Amino acid sequence: MTSAPITNALTIDVEDYFQVSAFAPYIPRSTWEQCECRVERNVMRILDLLERRGVHATFFTLGWIAERYPHLVRRIVQGGHELASHGYGHERASDLDERAFFADIDRAKKLLEDLAGRAVLGYRAPSFSIGTGNLWAFDSLSRAGYQYSSSVYPIHHDHYGMPDSPRFAYRVNETLLEIPVTTLRLFNRNLPSSGGGYFRLLPYPLSRWMLQQVNADDRESAIFYFHPWEIDDEQPRVPGIDLKTRFRHYVNIPRMADKLESLLADFRWGRMDEIFLAPAAAARPAP
């Protein structure tokens, strides 16, 4: 008997091009208000794509963006999507102390809930910045009232990663589920298989195969993520950035929209809360 298709989680980190962590040395936070903001048109383009495909997703939204584009938050919710938190100011959790981190996540949650008129259950740390050095962040998330986090990337990376953490959803305490973004276990290491720059860089058939392996071999739902600026080839080019940052940010952006079309057609997709907060998923023990 053929197994039923697995529903994977489609997630969008709602931030603009000038807010990415890699650009922090080049675009001071104090100048954000002077930057050309393109997030509105890009999110609307994504919403139109999802509506056309009949797909619902989870939008991890920055409080800074929500505050300036409240109608965008309401449009996300009206489209049947899950509204979740990406914090307020896109500061890495690893750069904040416990008090500052709680203030950021609490502010974002309350702002989003006020705008949307419903509870915000999920959180994703900017740049997957919860790791072995700040595990206290999970208790802060519980205290703020979140029910799940998707803030750990179980890979080796020069900016983030916790390669020894579990690859799939697990409880970090009595009230919080951590749902790591997806990796494929191959050759005794975890390979990134969940979107972002890797998805833009790799040939689509390889990305598709990796997700298929997670569904077929692990029988787990994959977590895929991308950013609105990744479909925007007309975004302003940031001057003076180093070659590695330039490559990582801009590689294959013109091809991203077509790859997303293929991805939505080739897999079954849904919201994080509907996939992972069901009783069976919530019962996962801590590792």
# chains A, B, ... in the order shown; residues from 1 in each chain; ligands from 1
>>> closest_atom_pairs(of="region 219-259 of chain A", to="region 206-215 of chain A", cutoff="10 Å", atoms="only C-alpha atoms", output="Markdown table")
| residue | atom | partner | partner_atom | distance |
| --- | --- | --- | --- | --- |
| A:Arg219 | CA | A:Asn215 | CA | 4.7 |
| A:Glu220 | CA | A:Asn215 | CA | 5.3 |
| A:Ser221 | CA | A:Asn215 | CA | 6.2 |
| A:Ala222 | CA | A:Leu211 | CA | 6.7 |
| A:Ile223 | CA | A:Leu211 | CA | 9.1 |
| A:Phe224 | CA | A:Leu211 | CA | 9.1 |
| A:Lys259 | CA | A:Ser207 | CA | 9.9 |
>>> residues_around(residues="Arg107 (chain A)", least_positions_apart="6", cutoff="8 Å", atoms="only C-alpha atoms", output="PDB file with N, CA, C and O atoms, in the first residue's frame")
ATOM      1  N   GLY A  63       8.514  42.511  13.581  1.00  0.00           N
ATOM      2  CA  GLY A  63       7.681  43.554  14.152  1.00  0.00           C
ATOM      3  C   GLY A  63       7.931  44.910  13.507  1.00  0.00           C
ATOM      4  O   GLY A  63       7.001  45.703  13.321  1.00  0.00           O
ATOM      5  N   GLY A  87      10.696  38.168  15.637  1.00  0.00           N
ATOM      6  CA  GLY A  87      11.244  39.178  16.517  1.00  0.00           C
ATOM      7  C   GLY A  87      10.880  40.572  16.025  1.00  0.00           C
ATOM      8  O   GLY A  87      10.210  40.731  15.004  1.00  0.00           O
ATOM      9  N   TYR A  88      11.317  41.567  16.740  1.00  0.00           N
ATOM     10  CA  TYR A  88      10.967  42.932  16.337  1.00  0.00           C
ATOM     11  C   TYR A  88      11.996  43.532  15.386  1.00  0.00           C
ATOM     12  O   TYR A  88      11.672  43.958  14.284  1.00  0.00           O
TER      13      TYR A  88
END
>>> select_by_dssp(residues="region 43-246 of chain A", states="alpha helix (DSSP H)", output="PyMOL selection string")
chain A and resi 43-53+63-68+70-78+98-116+136-144+196-201+204-213+243-246
>>> select_by_dssp(residues="region 50-234 of chain A", states="strand (DSSP E or B)", output="VMD selection string")
chain A and resid 58 to 61 82 to 85 122 to 123 148 to 149 170 to 171 177 to 178 183 to 186 189 to 192 195 223 to 226
>>> residues_around(residues="Val43 (chain A)", least_positions_apart="5", cutoff="12 Å", atoms="only C-alpha atoms", output="PyMOL selection string")
chain A and resi 12-16+37-38+48-50+59-61+65-66+69+71-73+75-76+79+226-232
>>> closest_residue(among="A:Ile105, A:Gly240, A:Phe276, A:Glu234", to="Arg41 (chain A)", atoms="only C-alpha atoms")
A:Glu234
>>> closest_residue(among="A:Pro192, A:Asp233, A:Leu263, A:Tyr148", to="Pro205 (chain A)", atoms="only C-alpha atoms")
A:Leu263
>>> residues_around(residues="Phe23 (chain A)", least_positions_apart="3", cutoff="12 Å", atoms="only C-alpha atoms", output="count of residues only")
22
